[in-house]
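See below for query_6.cif, which holds mmCIF, C-alpha atoms.
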data_upload
#
loop_
_atom_site.group_PDB
_atom_site.id
_atom_site.type_symbol
_atom_site.label_atom_id
_atom_site.label_comp_id
_atom_site.auth_asym_id
_atom_site.auth_seq_id
_atom_site.Cartn_x
_atom_site.Cartn_y
_atom_site.Cartn_z
ATOM 1 C CA MET J 1 8.311 -86.293 47.103
ATOM 2 C CA ALA J 2 6.272 -83.477 45.627
ATOM 3 C CA PHE J 3 3.544 -81.373 47.130
ATOM 4 C CA SER J 4 0.033 -82.569 46.424
ATOM 5 C CA ASP J 5 -2.393 -80.146 44.800
ATOM 6 C CA LEU J 6 -4.198 -79.718 48.118
ATOM 7 C CA GLN J 7 -0.962 -78.987 49.990
ATOM 8 C CA MET J 8 0.090 -76.382 47.414
ATOM 9 C CA LYS J 9 -3.341 -74.756 47.444
ATOM 10 C CA VAL J 10 -3.493 -74.545 51.246
ATOM 11 C CA THR J 11 0.047 -73.167 51.508
ATOM 12 C CA SER J 12 -0.442 -70.515 48.827
ATOM 13 C CA GLU J 13 -3.893 -69.418 50.030
ATOM 14 C CA PHE J 14 -2.721 -68.892 53.600
ATOM 15 C CA ALA J 15 0.476 -67.191 52.411
ATOM 16 C CA LEU J 16 -1.583 -64.703 50.400
ATOM 17 C CA GLN J 17 -4.077 -64.111 53.221
ATOM 18 C CA SER J 18 -1.254 -63.372 55.633
ATOM 19 C CA LEU J 19 0.568 -61.195 53.111
ATOM 20 C CA TYR J 20 -2.526 -59.102 52.328
ATOM 21 C CA ALA J 21 -3.252 -58.630 56.034
ATOM 22 C CA LYS J 22 0.240 -57.205 56.548
ATOM 23 C CA LEU J 23 -0.091 -54.900 53.533
ATOM 24 C CA ALA J 24 -3.544 -53.557 54.458
ATOM 25 C CA PRO J 25 -2.210 -50.555 56.450
ATOM 26 C CA ILE J 26 -0.173 -49.247 53.503
ATOM 27 C CA LYS J 27 -2.655 -49.886 50.681
ATOM 28 C CA ASP J 28 -4.223 -46.444 51.122
ATOM 29 C CA PHE J 29 -1.091 -44.631 50.012
ATOM 30 C CA ALA J 30 1.247 -47.129 48.368
ATOM 31 C CA HIS J 31 0.977 -47.867 44.656
ATOM 32 C CA ASN J 32 0.998 -51.344 43.215
ATOM 33 C CA PHE J 33 3.506 -51.801 40.403
ATOM 34 C CA ARG J 34 2.831 -55.518 39.954
ATOM 35 C CA ASP J 35 2.559 -55.164 36.181
ATOM 36 C CA LEU J 36 6.208 -54.021 36.150
ATOM 37 C CA GLU J 37 7.611 -57.096 37.891
ATOM 38 C CA ASP J 38 9.820 -57.900 34.928
ATOM 39 C CA ARG J 39 11.574 -54.519 35.221
ATOM 40 C CA LYS J 40 13.360 -55.076 38.544
ATOM 41 C CA GLY J 41 16.080 -52.486 39.019
ATOM 42 C CA ALA J 42 14.565 -50.135 36.430
ATOM 43 C CA SER J 43 13.110 -46.698 37.119
ATOM 44 C CA ILE J 44 9.698 -45.398 36.183
ATOM 45 C CA VAL J 45 8.320 -41.883 36.170
ATOM 46 C CA ILE J 46 4.950 -41.227 37.795
ATOM 47 C CA PRO J 47 2.902 -38.014 37.631
ATOM 48 C CA VAL J 48 2.685 -35.750 40.663
ATOM 49 C CA PHE J 49 -0.054 -33.121 40.758
ATOM 50 C CA ASN J 50 0.611 -29.896 42.632
ATOM 51 C CA LEU J 51 -2.525 -27.888 41.928
ATOM 52 C CA SER J 52 -3.075 -24.300 42.960
ATOM 53 C CA ALA J 53 -6.332 -23.103 44.449
ATOM 54 C CA ALA J 54 -9.431 -22.948 42.259
ATOM 55 C CA ALA J 55 -10.333 -19.557 40.785
ATOM 56 C CA ASP J 56 -13.597 -17.924 39.793
ATOM 57 C CA PHE J 57 -14.673 -18.445 36.210
ATOM 58 C CA ASP J 58 -14.288 -15.355 34.068
ATOM 59 C CA ALA J 59 -16.710 -15.491 31.120
ATOM 60 C CA ASP J 60 -14.926 -12.619 29.336
ATOM 61 C CA THR J 61 -11.646 -14.470 29.106
ATOM 62 C CA ASN J 62 -13.085 -17.987 29.118
ATOM 63 C CA ASN J 63 -10.407 -19.070 31.572
ATOM 64 C CA TYR J 64 -11.245 -22.781 31.488
ATOM 65 C CA CYS J 65 -8.121 -23.567 29.534
ATOM 66 C CA ASN J 66 -5.862 -20.783 30.751
ATOM 67 C CA GLY J 67 -3.319 -21.396 33.427
ATOM 68 C CA GLN J 68 -0.092 -23.166 33.958
ATOM 69 C CA THR J 69 1.067 -26.723 33.957
ATOM 70 C CA GLU J 70 0.736 -27.960 37.488
ATOM 71 C CA MET J 71 1.979 -31.444 36.976
ATOM 72 C CA ASP J 72 5.425 -32.665 37.809
ATOM 73 C CA ALA J 73 6.933 -36.108 37.895
ATOM 74 C CA ALA J 74 8.738 -38.301 40.359
ATOM 75 C CA THR J 75 11.103 -41.134 39.614
ATOM 76 C CA VAL J 76 10.447 -44.429 41.376
ATOM 77 C CA ASN J 77 13.200 -47.017 41.433
ATOM 78 C CA LEU J 78 11.977 -50.590 41.256
ATOM 79 C CA SER J 79 14.835 -51.769 43.399
ATOM 80 C CA CYS J 80 13.172 -53.788 46.146
ATOM 81 C CA HIS J 81 12.332 -57.431 45.614
ATOM 82 C CA LEU J 82 11.723 -59.572 48.690
ATOM 83 C CA VAL J 83 11.774 -63.353 48.849
ATOM 84 C CA LYS J 84 11.208 -65.776 51.714
ATOM 85 C CA GLN J 85 12.659 -69.237 51.277
ATOM 86 C CA PHE J 86 11.587 -72.194 53.367
ATOM 87 C CA MET J 87 13.404 -75.501 53.792
ATOM 88 C CA TYR J 88 11.514 -78.732 54.271
ATOM 89 C CA THR J 89 12.385 -82.361 53.715
ATOM 90 C CA ASP J 90 10.524 -85.127 51.940
ATOM 91 C CA ARG J 91 9.803 -86.550 55.360
ATOM 92 C CA ASP J 92 8.189 -83.251 56.435
ATOM 93 C CA VAL J 93 5.938 -83.394 53.406
ATOM 94 C CA ALA J 94 5.025 -87.054 53.879
ATOM 95 C CA GLU J 95 4.445 -87.036 57.635
ATOM 96 C CA THR J 96 2.594 -83.822 58.211
ATOM 97 C CA GLU J 97 -1.026 -82.926 57.840
ATOM 98 C CA VAL J 98 -2.588 -80.167 55.831
ATOM 99 C CA GLN J 99 -2.542 -77.824 58.844
ATOM 100 C CA TRP J 100 1.262 -77.796 58.696
ATOM 101 C CA PHE J 101 1.102 -76.393 55.169
ATOM 102 C CA ARG J 102 -1.442 -73.825 56.338
ATOM 103 C CA ASP J 103 0.985 -72.704 59.042
ATOM 104 C CA VAL J 104 3.924 -72.648 56.606
ATOM 105 C CA GLY J 105 1.879 -70.524 54.216
ATOM 106 C CA TYR J 106 0.817 -68.141 56.956
ATOM 107 C CA ALA J 107 4.363 -67.752 58.311
ATOM 108 C CA THR J 108 5.806 -67.216 54.829
ATOM 109 C CA GLY J 109 3.220 -64.599 53.892
ATOM 110 C CA ASP J 110 3.729 -62.921 57.257
ATOM 111 C CA ALA J 111 7.506 -62.710 56.753
ATOM 112 C CA VAL J 112 7.210 -61.229 53.250
ATOM 113 C CA GLY J 113 4.425 -58.869 54.342
ATOM 114 C CA ARG J 114 6.453 -57.570 57.296
ATOM 115 C CA GLY J 115 9.431 -57.034 54.994
ATOM 116 C CA ILE J 116 7.365 -55.049 52.482
ATOM 117 C CA TYR J 117 5.659 -53.045 55.223
ATOM 118 C CA ASN J 118 8.969 -52.169 56.899
ATOM 119 C CA THR J 119 10.517 -51.205 53.550
ATOM 120 C CA VAL J 120 7.639 -48.861 52.703
ATOM 121 C CA ILE J 121 7.519 -47.335 56.188
ATOM 122 C CA GLY J 122 11.290 -46.820 56.009
ATOM 123 C CA LEU J 123 10.740 -44.630 52.946
ATOM 124 C CA LEU J 124 8.484 -42.257 54.876
ATOM 125 C CA ASN J 125 10.792 -39.428 55.851
ATOM 126 C CA ASP J 126 11.028 -35.681 55.342
ATOM 127 C CA THR J 127 12.972 -36.131 52.093
ATOM 128 C CA ASN J 128 10.475 -38.459 50.410
ATOM 129 C CA VAL J 129 7.317 -37.004 51.935
ATOM 130 C CA THR J 130 7.577 -33.240 51.794
ATOM 131 C CA LEU J 131 4.044 -32.534 53.009
ATOM 132 C CA SER J 132 3.497 -34.052 56.419
ATOM 133 C CA VAL J 133 2.250 -33.143 59.862
ATOM 134 C CA GLU J 134 3.938 -34.199 63.072
ATOM 135 C CA SER J 135 2.900 -33.932 66.694
ATOM 136 C CA SER J 136 4.118 -35.027 70.107
ATOM 137 C CA LEU J 137 0.718 -36.650 70.669
ATOM 138 C CA SER J 138 0.989 -36.215 74.418
ATOM 139 C CA SER J 139 -2.666 -35.302 74.939
ATOM 140 C CA ALA J 140 -6.057 -35.790 73.355
ATOM 141 C CA ASP J 141 -5.871 -32.179 72.132
ATOM 142 C CA ASP J 142 -2.725 -33.018 70.157
ATOM 143 C CA PHE J 143 -4.660 -35.656 68.224
ATOM 144 C CA THR J 144 -7.416 -33.142 67.553
ATOM 145 C CA ALA J 145 -4.836 -30.598 66.376
ATOM 146 C CA LEU J 146 -3.573 -33.075 63.769
ATOM 147 C CA GLY J 147 -6.751 -32.517 61.747
ATOM 148 C CA THR J 148 -6.330 -28.747 61.855
ATOM 149 C CA ALA J 149 -2.641 -28.951 60.954
ATOM 150 C CA THR J 150 -3.457 -31.268 58.040
ATOM 151 C CA TYR J 151 -6.031 -28.794 56.741
ATOM 152 C CA ASP J 152 -3.642 -25.843 57.228
ATOM 153 C CA LYS J 153 -1.036 -27.556 55.015
ATOM 154 C CA ASN J 154 -3.654 -28.009 52.271
ATOM 155 C CA LEU J 155 -3.558 -31.781 52.566
ATOM 156 C CA ASP J 156 -6.715 -33.635 51.612
ATOM 157 C CA ILE J 157 -7.791 -34.921 55.024
ATOM 158 C CA GLY J 158 -9.915 -37.577 53.335
ATOM 159 C CA ARG J 159 -6.799 -39.025 51.689
ATOM 160 C CA ALA J 160 -4.363 -38.396 54.524
ATOM 161 C CA VAL J 161 -2.951 -41.398 56.345
ATOM 162 C CA LEU J 162 -2.219 -41.454 60.061
ATOM 163 C CA MET J 163 0.802 -43.655 60.729
ATOM 164 C CA LEU J 164 1.253 -44.592 64.385
ATOM 165 C CA ASN J 165 3.899 -46.778 65.949
ATOM 166 C CA PRO J 166 2.659 -49.023 68.782
ATOM 167 C CA THR J 167 3.496 -46.430 71.468
ATOM 168 C CA TYR J 168 1.392 -43.722 69.806
ATOM 169 C CA TYR J 169 -1.354 -46.168 68.891
ATOM 170 C CA TYR J 170 -1.876 -47.070 72.552
ATOM 171 C CA LYS J 171 -1.686 -43.404 73.541
ATOM 172 C CA LEU J 172 -4.505 -42.730 71.102
ATOM 173 C CA VAL J 173 -6.533 -45.662 72.395
ATOM 174 C CA ASN J 174 -6.184 -44.361 75.955
ATOM 175 C CA PHE J 175 -7.582 -40.978 74.893
ATOM 176 C CA LEU J 176 -10.619 -42.458 73.162
ATOM 177 C CA PRO J 177 -13.743 -43.063 75.226
ATOM 178 C CA ALA J 178 -14.350 -46.808 75.438
ATOM 179 C CA TYR J 179 -18.144 -46.316 75.360
ATOM 180 C CA ALA J 180 -17.869 -44.769 71.860
ATOM 181 C CA TYR J 181 -15.042 -46.715 70.254
ATOM 182 C CA GLY J 182 -14.793 -49.975 72.195
ATOM 183 C CA THR J 183 -11.712 -51.588 73.601
ATOM 184 C CA PRO J 184 -8.262 -51.450 71.915
ATOM 185 C CA ASP J 185 -8.809 -54.782 70.199
ATOM 186 C CA ALA J 186 -11.992 -53.429 68.576
ATOM 187 C CA ILE J 187 -10.289 -50.433 66.982
#

I need this file expressed as structure tokens, please.
Amino acid sequence: MAFSDLQMKVTSEFALQSLYAKLAPIKDFAHNFRDLEDRKGASIVIPVFNLSAAADFDADTNNYCNGQTEMDAATVNLSCHLVKQFMYTDRDVAETEVQWFRDVGYATGDAVGRGIYNTVIGLLNDTNVTLSVESSLSSADDFTALGTATYDKNLDIGRAVLMLNPTYYYKLVNFLPAYAYGTPDAI
């Protein structure tokens, strides 16, 4: 027995919703190489900009075009491809309601999303991310110092990403005044 159009639509829509929810935390710094899906196992080269500080304009030398090349490249291996299979019988398809397909879609998207998230987070280390700021985060002042340390390392604080595991997330929540930020579930 085959899926009906409605069953397929419900399953795929909930799978995508769940998947996108899991990927939301990494979208600010992870690139999407979806257009290169057919090149699994290949490597691509992406530009990396390492710009020096801006300088005053010198009208005598017209230094708009003077300078050095401040672009490098990094190689990205397209080596990760995750799949989540799901077994069901004809009887499952025939005897269940649409909500079952919603739940299957959600669980499938959740499993793939967690796998992608964990793979990306696993790549965040001192070798792959050479400019980073770390802290013990044992007090509210440590969280405040993160902003200063980020600025001191010439990182764009507007594009910086704060990655917290659950322990540090709840430490942060405990330091925040509830009257200003709400309860942990609101943050």

Just the residues within 9 Å of Gly113 of chain J, please, counting only C-alpha atoms, with nothing from its chain fewer than 4 positions along; format it as a count of residues only. 10

Given the PyMOL selection byres ((chain J and resi 103) around 12), the residues it picks as a PyMOL selection string: chain J and resi 7+10-15+17-18+96-102+104-110

For this structure, which residues satisfy the selection - the PyMOL selection byres ((chain J and resi 133) around 9) - when it is evaluated on the file as given? I want them as number ranges by chain. J: 131-132, 134-135, 146, 149-150, 153

Around all the atoms of segment 44-49 of chain J listed in the file, draw an axis-aligned box and extend it by 6 Å on each of the six sides; I want its centre and edge lengths in Å to one decimal, as JSON.
{"center_x": 4.8, "center_y": -39.3, "center_z": 38.5, "size_x": 21.8, "size_y": 24.3, "size_z": 16.6}

Between J:Leu36, J:Ala55, J:Met87, J:Ile26, which has the minimum distance to Leu124 of chain J (counting only C-alpha atoms)?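 For Leu124 of chain J, the nearest of the candidates is J:Ile26.
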
For atom CA of Tyr151 of chain J and atom CA of Asp58 of chain J, the interatomic separation in Å (one decimal):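 Going from atom CA of Tyr151 of chain J over to atom CA of Asp58 of chain J, I get 27.6 Å.
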
From J:Met8, J:Phe49, J:Val112, J:Asp141, residue lying nearest Val93 of chain J [only C-alpha atoms]: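 When distances to Val93 of chain J are compared using only C-alpha atoms, the smallest one comes from J:Met8.
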
So how many Å separate atom CA of Thr148 of chain J and atom CA of Tyr169 of chain J, to one decimal?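 Result for atom CA of Thr148 of chain J versus atom CA of Tyr169 of chain J: 19.4 Å, one decimal.
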
Distance atom CA of Lys9 of chain J-atom CA of Glu37 of chain J, one decimal place?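 That distance, rounded to one decimal, is 22.9 Å.
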
Counting all atoms listed in the file, the residue of J:Val173, J:Gly147, J:Asn50, J:Val83 that sits nearest Val161 of chain J: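 Among J:Val173, J:Gly147, J:Asn50, J:Val83, it is J:Gly147 that comes nearest to Val161 of chain J.
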